[in-house]
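Printed here is data.txt (compact mmCIF, C-alpha atoms):
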# COMPACT_ATOMS: atom_id res chain seq x y z
CA MET A 30 57.85 -61.44 2.82
CA SER A 31 61.34 -61.73 4.25
CA HIS A 32 64.48 -60.86 2.37
CA ALA A 33 65.32 -64.56 2.09
CA GLY A 34 61.88 -65.33 0.72
CA ALA A 35 62.19 -62.62 -1.90
CA ALA A 36 65.66 -63.75 -2.91
CA ASN A 37 64.45 -67.30 -3.59
CA GLY A 38 61.69 -66.30 -5.99
CA VAL A 39 60.47 -63.34 -8.02
CA ARG A 40 62.32 -60.41 -6.49
CA ASN A 41 62.05 -57.69 -9.13
CA VAL A 42 59.18 -55.20 -9.19
CA VAL A 43 58.60 -52.61 -11.91
CA LEU A 44 56.14 -49.82 -11.03
CA VAL A 45 54.28 -47.86 -13.73
CA HIS A 46 52.39 -44.64 -12.92
CA GLY A 47 49.28 -43.32 -14.61
CA GLY A 48 48.16 -40.07 -16.18
CA PHE A 49 48.51 -36.59 -14.63
CA VAL A 50 51.27 -37.74 -12.23
CA ASP A 51 54.85 -38.99 -12.29
CA GLY A 52 56.59 -41.88 -10.58
CA SER A 53 57.26 -40.07 -7.29
CA GLY A 54 53.88 -41.15 -5.92
CA TRP A 55 55.25 -44.69 -5.62
CA GLU A 56 57.74 -43.63 -2.93
CA GLY A 57 55.84 -45.22 -0.02
CA VAL A 58 55.35 -48.52 -1.85
CA TYR A 59 58.97 -48.42 -3.01
CA LYS A 60 60.33 -48.03 0.53
CA ILE A 61 58.30 -50.97 1.84
CA LEU A 62 59.31 -53.28 -1.00
CA LYS A 63 62.97 -52.29 -0.72
CA LYS A 64 62.91 -52.94 3.03
CA ASP A 65 61.51 -56.39 2.34
CA GLY A 66 64.31 -57.29 -0.04
CA PHE A 67 62.88 -56.53 -3.47
CA THR A 68 64.65 -54.78 -6.32
CA VAL A 69 62.32 -51.98 -7.38
CA THR A 70 62.33 -49.97 -10.59
CA ILE A 71 60.04 -46.97 -11.14
CA VAL A 72 59.25 -46.18 -14.75
CA GLN A 73 59.02 -42.47 -15.52
CA ASN A 74 56.78 -42.99 -18.53
CA PRO A 75 56.21 -39.70 -20.38
CA THR A 76 52.44 -40.28 -20.87
CA ILE A 77 52.52 -38.69 -24.32
CA SER A 78 51.53 -41.85 -26.20
CA LEU A 79 50.83 -45.45 -25.30
CA ALA A 80 53.58 -46.62 -27.65
CA GLY A 81 56.11 -44.35 -25.93
CA ASP A 82 55.08 -45.52 -22.46
CA VAL A 83 55.25 -49.18 -23.48
CA ALA A 84 58.73 -48.57 -24.88
CA ALA A 85 59.85 -46.93 -21.61
CA THR A 86 58.43 -49.85 -19.63
CA LYS A 87 60.05 -52.48 -21.84
CA SER A 88 63.36 -50.68 -21.45
CA ALA A 89 63.01 -50.99 -17.68
CA LEU A 90 62.10 -54.66 -18.00
CA ALA A 91 65.14 -55.33 -20.18
CA ALA A 92 67.37 -54.04 -17.37
CA GLN A 93 66.06 -56.59 -14.85
CA ASN A 94 68.28 -59.50 -13.80
CA GLY A 95 65.39 -61.95 -13.75
CA PRO A 96 61.61 -62.21 -13.88
CA ALA A 97 59.65 -59.19 -12.67
CA ILE A 98 56.22 -58.31 -11.40
CA LEU A 99 54.81 -55.46 -13.47
CA VAL A 100 52.57 -53.07 -11.53
CA GLY A 101 50.35 -50.35 -13.01
CA HIS A 102 48.16 -47.64 -11.49
CA SER A 103 45.26 -46.09 -13.42
CA TYR A 104 46.34 -45.53 -17.05
CA GLY A 105 49.47 -47.46 -16.09
CA GLY A 106 47.21 -50.50 -16.25
CA VAL A 107 46.88 -49.98 -20.00
CA VAL A 108 50.66 -49.75 -20.26
CA ILE A 109 51.28 -53.00 -18.36
CA THR A 110 48.51 -54.76 -20.30
CA GLU A 111 50.36 -53.97 -23.54
CA ALA A 112 53.93 -54.32 -22.22
CA GLY A 113 53.22 -57.34 -20.02
CA SER A 114 53.72 -59.87 -22.79
CA ASP A 115 57.45 -59.20 -22.43
CA PRO A 116 59.19 -62.47 -21.47
CA ASN A 117 60.68 -60.84 -18.36
CA VAL A 118 57.18 -60.35 -16.86
CA ALA A 119 56.10 -63.08 -14.45
CA GLY A 120 52.82 -61.48 -13.38
CA LEU A 121 50.74 -58.31 -13.40
CA VAL A 122 49.38 -56.22 -10.52
CA TYR A 123 46.69 -53.63 -11.24
CA VAL A 124 46.15 -50.86 -8.67
CA ALA A 125 42.86 -49.00 -9.25
CA ALA A 126 43.78 -49.40 -12.89
CA PHE A 127 42.36 -49.88 -16.35
CA ALA A 128 42.72 -53.47 -17.58
CA PRO A 129 41.70 -53.24 -21.24
CA ASP A 130 40.88 -56.06 -23.62
CA LYS A 131 42.10 -56.18 -27.22
CA ASN A 132 41.41 -52.95 -29.15
CA GLU A 133 40.27 -51.12 -25.98
CA SER A 134 41.74 -47.83 -24.72
CA VAL A 135 41.06 -45.51 -21.80
CA ALA A 136 38.94 -43.44 -24.18
CA SER A 137 36.77 -46.40 -25.15
CA LEU A 138 36.45 -47.62 -21.56
CA ILE A 139 35.23 -44.26 -20.21
CA LYS A 140 33.02 -43.14 -23.10
CA ASP A 141 29.78 -44.55 -21.64
CA PRO A 142 29.87 -43.92 -17.87
CA ALA A 143 27.31 -45.63 -15.68
CA PRO A 144 24.37 -43.53 -14.43
CA ARG A 145 25.34 -41.38 -11.43
CA ALA A 146 28.99 -42.36 -11.76
CA PRO A 147 31.37 -39.52 -10.79
CA VAL A 148 32.79 -37.66 -13.77
CA PRO A 149 36.52 -36.85 -13.53
CA PRO A 150 37.16 -33.09 -13.79
CA ILE A 151 39.21 -33.32 -16.98
CA LEU A 152 39.70 -29.94 -18.65
CA PRO A 153 39.30 -29.52 -22.43
CA PRO A 154 42.47 -30.55 -24.26
CA GLN A 155 45.15 -27.94 -24.85
CA ASP A 156 47.66 -28.60 -27.62
CA GLY A 157 46.88 -32.32 -27.51
CA PHE A 158 47.20 -32.72 -23.74
CA LEU A 159 44.83 -33.08 -20.79
CA LEU A 160 44.92 -31.83 -17.19
CA LEU A 161 42.55 -32.12 -14.24
CA GLU A 162 40.91 -29.00 -12.79
CA LYS A 163 43.15 -28.08 -9.87
CA ALA A 164 40.33 -27.03 -7.55
CA LYS A 165 38.70 -30.46 -7.89
CA PHE A 166 41.87 -32.56 -7.99
CA ARG A 167 41.88 -33.67 -4.38
CA GLU A 168 38.18 -34.55 -4.27
CA SER A 169 38.35 -36.65 -7.43
CA PHE A 170 41.88 -38.09 -7.38
CA ALA A 171 43.34 -37.94 -3.87
CA ALA A 172 40.60 -37.48 -1.27
CA ASP A 173 42.44 -39.49 1.40
CA VAL A 174 45.84 -37.90 0.77
CA ALA A 175 46.97 -35.12 3.14
CA SER A 176 45.72 -31.77 1.87
CA ASP A 177 49.18 -30.26 1.35
CA ALA A 178 50.40 -33.35 -0.52
CA ALA A 179 47.25 -33.41 -2.66
CA ALA A 180 47.70 -29.70 -3.44
CA PHE A 181 51.26 -30.41 -4.57
CA MET A 182 50.01 -33.25 -6.79
CA ALA A 183 47.45 -30.91 -8.33
CA ASP A 184 49.99 -28.15 -8.94
CA SER A 185 52.64 -30.52 -10.34
CA GLN A 186 50.40 -32.37 -12.79
CA VAL A 187 52.00 -33.92 -15.84
CA PRO A 188 50.01 -33.17 -19.00
CA TRP A 189 48.46 -36.41 -20.30
CA GLY A 190 48.59 -36.89 -24.07
CA LEU A 191 45.52 -37.61 -26.16
CA GLU A 192 47.58 -40.27 -27.94
CA ALA A 193 47.95 -42.02 -24.58
CA LEU A 194 44.24 -41.67 -23.83
CA ASN A 195 43.35 -43.16 -27.21
CA GLY A 196 46.11 -45.78 -27.35
CA ALA A 197 44.51 -49.21 -27.85
CA VAL A 198 45.83 -52.52 -26.59
CA THR A 199 46.82 -55.09 -29.22
CA GLU A 200 47.28 -58.29 -27.17
CA PRO A 201 46.25 -58.13 -23.49
CA ALA A 202 48.95 -59.66 -21.31
CA TRP A 203 46.40 -60.70 -18.67
CA LYS A 204 45.19 -63.38 -21.06
CA THR A 205 48.49 -65.23 -20.72
CA LYS A 206 50.00 -63.95 -17.44
CA PRO A 207 48.61 -64.31 -13.89
CA SER A 208 47.21 -61.08 -12.48
CA TRP A 209 46.20 -59.43 -9.23
CA TYR A 210 43.94 -56.40 -8.80
CA LEU A 211 43.47 -53.90 -5.96
CA VAL A 212 40.02 -52.28 -6.11
CA SER A 213 39.89 -48.87 -4.45
CA THR A 214 36.36 -48.65 -3.07
CA ASN A 215 36.13 -44.83 -2.81
CA ASP A 216 37.63 -44.14 -6.24
CA LYS A 217 36.04 -41.18 -8.07
CA MET A 218 38.17 -41.45 -11.22
CA ILE A 219 37.56 -45.11 -12.14
CA PRO A 220 34.29 -46.29 -10.54
CA PRO A 221 34.80 -49.28 -8.21
CA ASP A 222 32.20 -51.30 -10.11
CA ALA A 223 34.17 -50.74 -13.32
CA GLN A 224 37.30 -51.91 -11.52
CA ARG A 225 35.48 -55.02 -10.34
CA ALA A 226 34.22 -55.78 -13.84
CA MET A 227 37.68 -55.41 -15.40
CA SER A 228 39.37 -57.50 -12.70
CA LYS A 229 36.76 -60.26 -13.07
CA ARG A 230 37.18 -60.30 -16.84
CA ALA A 231 40.95 -60.59 -16.43
CA GLY A 232 40.57 -63.47 -13.99
CA ALA A 233 42.60 -61.54 -11.43
CA THR A 234 43.02 -62.30 -7.76
CA VAL A 235 41.19 -59.35 -6.17
CA VAL A 236 41.47 -57.43 -2.93
CA GLU A 237 39.43 -54.38 -2.00
CA VAL A 238 40.83 -51.44 -0.05
CA LYS A 239 39.00 -48.37 1.23
CA GLY A 240 40.84 -45.61 -0.57
CA SER A 241 40.75 -42.91 -3.22
CA HIS A 242 42.11 -43.18 -6.75
CA ALA A 243 45.50 -42.30 -5.24
CA VAL A 244 45.38 -45.42 -3.05
CA TYR A 245 48.99 -46.20 -4.00
CA VAL A 246 49.95 -42.96 -2.22
CA SER A 247 47.54 -43.10 0.72
CA GLN A 248 47.63 -46.85 1.45
CA PRO A 249 51.15 -47.98 0.50
CA ASN A 250 51.14 -50.89 2.95
CA ASP A 251 48.08 -52.46 1.33
CA VAL A 252 49.50 -51.98 -2.16
CA ALA A 253 52.92 -53.37 -1.22
CA HIS A 254 51.26 -56.32 0.55
CA LEU A 255 49.37 -57.30 -2.59
CA ILE A 256 52.56 -57.07 -4.67
CA GLU A 257 54.37 -59.26 -2.13
CA GLN A 258 51.50 -61.76 -2.16
CA ALA A 259 51.79 -61.92 -5.94
CA ALA A 260 55.55 -62.50 -5.64
CA LYS A 261 54.98 -65.27 -3.11
CA SER A 262 52.36 -66.95 -5.28
CA LEU A 263 54.56 -66.78 -8.37
CA SER A 264 57.55 -68.10 -6.45
CA LEU A 265 55.56 -71.10 -5.21
CA ALA A 266 54.23 -71.74 -8.71
CA THR A 267 57.74 -72.00 -10.16
CA ARG A 268 59.08 -74.46 -7.59

As structure tokens - that is how I would like this structure written.
Amino acid sequence: MSHAGAANGVRNVVLVHGGFVDGSGWEGVYKILKKDGFTVTIVQNPTISLAGDVAATKSALAAQNGPAILVGHSYGGVVITEAGSDPNVAGLVYVAAFAPDKNESVASLIKDPAPRAPVPPILPPQDGFLLLEKAKFRESFAADVASDAAAFMADSQVPWGLEALNGAVTEPAWKTKPSWYLVSTNDKMIPPDAQRAMSKRAGATVVEVKGSHAVYVSQPNDVAHLIEQAAKSLSLATR
């Protein structure tokens, strides 16, 4: 989308990261969207509790100068599902993300994995927080990310709070807001079939990309393209 096209419609994008990481992984997507004329905000949600992350996201939304597209990766999908009812949100984009229904949490969505589904290498909780086993981080989370970058992601993990894992959605925003979903077909954290099921239930417009769970890092062009397509669709809908 050109700068002029962005300026005439939804031009604000708010990016929400998931568990174990911070907002720096959005850098590639951020640069593309900025180049194409969007105003981009990256939420550094603390991932201690769902309530805290929703509050951080709503604070970012309140600072926008108009309607925004709210984007979530992984657990960030739970955050945008809860925060997306905010009146500043025009639409939702899920990137290899959880899209819970009412009263669902990450914990409830992962408690009964499908047969032969990969099991994320989550270590036992320490002081109420979770981490991934460093030696298995790249294979499970970032298989298509350069080895040195994946090693840095593993070594710079952000502890993920059990309160965030167990935080349940009250009113799913996808029931009242249009949504888009990028399925990452080689994901070993959230099985692709689970992504397809959640996106279908949400009535989302779906694209599939060959990528790992860290598809937002490894395939920023595909992720940015879907966000721009959502912006274009929303802009046309409001004319």

Using all atoms listed in the file, determine which residues lie at most 6 Å from A:Ala128, disregarding the query and same-chain residues fewer than 3 positions distant; provide the list as a PDB file with C-alpha atoms, in the coordinates of the input.
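Contents of the output file selection.pdb:
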ATOM      1  CA  GLY A 106      47.210 -50.500 -16.250  1.00  0.00           C
ATOM      2  CA  VAL A 107      46.880 -49.980 -20.000  1.00  0.00           C
ATOM      3  CA  MET A 227      37.680 -55.410 -15.400  1.00  0.00           C
TER       4      MET A 227
END

> Smallest atom-to-atom distance to A:Gly190: which of A:Asp222, A:Gly232, A:Leu138, A:Thr76, using all atoms listed in the file?
Replying inline: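 Of A:Asp222, A:Gly232, A:Leu138, A:Thr76, the one nearest A:Gly190 is A:Thr76, counting all atoms listed in the file.
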
>> My list of candidates is A:Val252, A:Leu99, A:Asn132, A:Asp51. Which is closest to A:Ala183 when distances are computed with all atoms listed in the file?
In response: A:Asp51

>> Please compute the atom CA of A:Val118-atom CA of A:Val43 distance, one decimal, in Å.
In response: 9.3 Å

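Near A:Gly95, within 12 Å and counting all atoms listed in the file, sit Ala36, Asn37, Gly38, Val39, Arg40, Asn41, Val42, Val43, Phe67, Thr68, Ala89, Pro116, Asn117, Val118 and Ala119 of chain A; same-chain residues fewer than 6 positions away were not included.
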
Got time to write the residues from that selection, C-alpha atoms, as a tab-separated table (two decimals), keeping the file's coordinate frame?
chain	number	residue	atom	x	y	z
A	36	ALA	CA	65.66	-63.75	-2.91
A	37	ASN	CA	64.45	-67.30	-3.59
A	38	GLY	CA	61.69	-66.30	-5.99
A	39	VAL	CA	60.47	-63.34	-8.02
A	40	ARG	CA	62.32	-60.41	-6.49
A	41	ASN	CA	62.05	-57.69	-9.13
A	42	VAL	CA	59.18	-55.20	-9.19
A	43	VAL	CA	58.60	-52.61	-11.91
A	67	PHE	CA	62.88	-56.53	-3.47
A	68	THR	CA	64.65	-54.78	-6.32
A	89	ALA	CA	63.01	-50.99	-17.68
A	116	PRO	CA	59.19	-62.47	-21.47
A	117	ASN	CA	60.68	-60.84	-18.36
A	118	VAL	CA	57.18	-60.35	-16.86
A	119	ALA	CA	56.10	-63.08	-14.45

Neighbouring residues of stretch 54-64 of chain A were defined as those with any atom within 8 Å, considering all atoms listed in the file; residues of the same chain fewer than 4 positions away were excluded. Please report them as a PDB file with C-alpha atoms, keeping the file's coordinate frame.
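What landed in result.pdb:
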ATOM      1  CA  LEU A  44      56.140 -49.820 -11.030  1.00  0.00           C
ATOM      2  CA  HIS A  46      52.390 -44.640 -12.920  1.00  0.00           C
ATOM      3  CA  VAL A  50      51.270 -37.740 -12.230  1.00  0.00           C
ATOM      4  CA  THR A  68      64.650 -54.780  -6.320  1.00  0.00           C
ATOM      5  CA  VAL A  69      62.320 -51.980  -7.380  1.00  0.00           C
ATOM      6  CA  ILE A  71      60.040 -46.970 -11.140  1.00  0.00           C
ATOM      7  CA  TYR A 245      48.990 -46.200  -4.000  1.00  0.00           C
ATOM      8  CA  VAL A 246      49.950 -42.960  -2.220  1.00  0.00           C
ATOM      9  CA  PRO A 249      51.150 -47.980   0.500  1.00  0.00           C
ATOM     10  CA  ASN A 250      51.140 -50.890   2.950  1.00  0.00           C
ATOM     11  CA  VAL A 252      49.500 -51.980  -2.160  1.00  0.00           C
ATOM     12  CA  ALA A 253      52.920 -53.370  -1.220  1.00  0.00           C
ATOM     13  CA  GLU A 257      54.370 -59.260  -2.130  1.00  0.00           C
TER      14      GLU A 257
END

>> Which residue is closest to A:Glu192? Choose from A:Gly101, A:Gly81, A:Gly66, A:Gly120 and count only C-alpha atoms.
In response: A:Gly81

> Of the candidates A:Pro147, A:Ala231, A:Ser264, A:Phe158, which shows the shortest atom-to-atom distance to A:Asn215, using all atoms listed in the file?
Replying inline: A:Pro147

> What is the atom CA of A:Ala233 to atom CA of A:Pro142 distance in Å?
Replying inline: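 Calculated distance between atom CA of A:Ala233 and atom CA of A:Pro142 is 22.7 Å.
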
> Restricting the calculation to all atoms listed in the file, which member of A:Lys261, A:Val45, A:Ser228, A:Asn74 is positioned closest to A:Ile109?
Replying inline: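 Smallest distance to A:Ile109 is found for A:Val45.
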
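The shortest atom-to-atom distance to A:Val244, with all atoms listed in the file taken into account, belongs to A:His102 out of A:Lys204, A:Lys87, A:His102, A:Lys163.
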
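Atom pair atom CA of A:Val100 / atom CA of A:Leu121: separated by 5.9 Å.
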
> Which polymer residues have any atom within 8 Å of an atom of A:Val187, counting only C-alpha atoms, with same-chain residues fewer than 2 positions away left out, as a list in words?
Replying inline: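 Selected residues are Gly48, Phe49, Val50, Asp51, Leu160, Ser185 and Trp189 of chain A.
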
>> Within 8 Å of (44.8, -39.0, -24.9) in the file's own coordinates, which protein, DNA or RNA residues have an atom, counting only C-alpha atoms? List them as a VMD selection string.
In response: chain A and resid 77 to 78 136 157 to 159 189 to 196

> Could you name the residues that touch stretch 169-180 of chain A at 8 Å or less, counting all atoms listed in the file, but leaving out those on the same chain fewer than 6 positions away, as a list of chain:residue names?
Replying inline: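 The neighbour list is A:Pro149, A:Pro150, A:Asp216, A:Lys217, A:Met218, A:Gly240, A:Ser241, A:His242, A:Ala243, A:Val244, A:Val246, A:Ser247.
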
> Taking (42.4, -49.5, -10.9) in the file's coordinates, which residues come within 8 Å, counting all atoms listed in the file, written as a list of chain:residue names?
Replying inline: A:His102, A:Ser103, A:Gly106, A:Tyr123, A:Val124, A:Ala125, A:Ala126, A:Phe127, A:Ala128, A:Tyr210, A:Leu211, A:Val212, A:Ser213, A:Ile219, A:Gln224, A:His242

Expected axis-aligned box over every listed atom of stretch 179-190 of chain A, 4 Å added per side, centre plus edges in Å to one decimal, as AutoDock Vina command-line options:
--center_x 49.9 --center_y -32.5 --center_z -13.4 --size_x 13.4 --size_y 16.7 --size_z 29.4
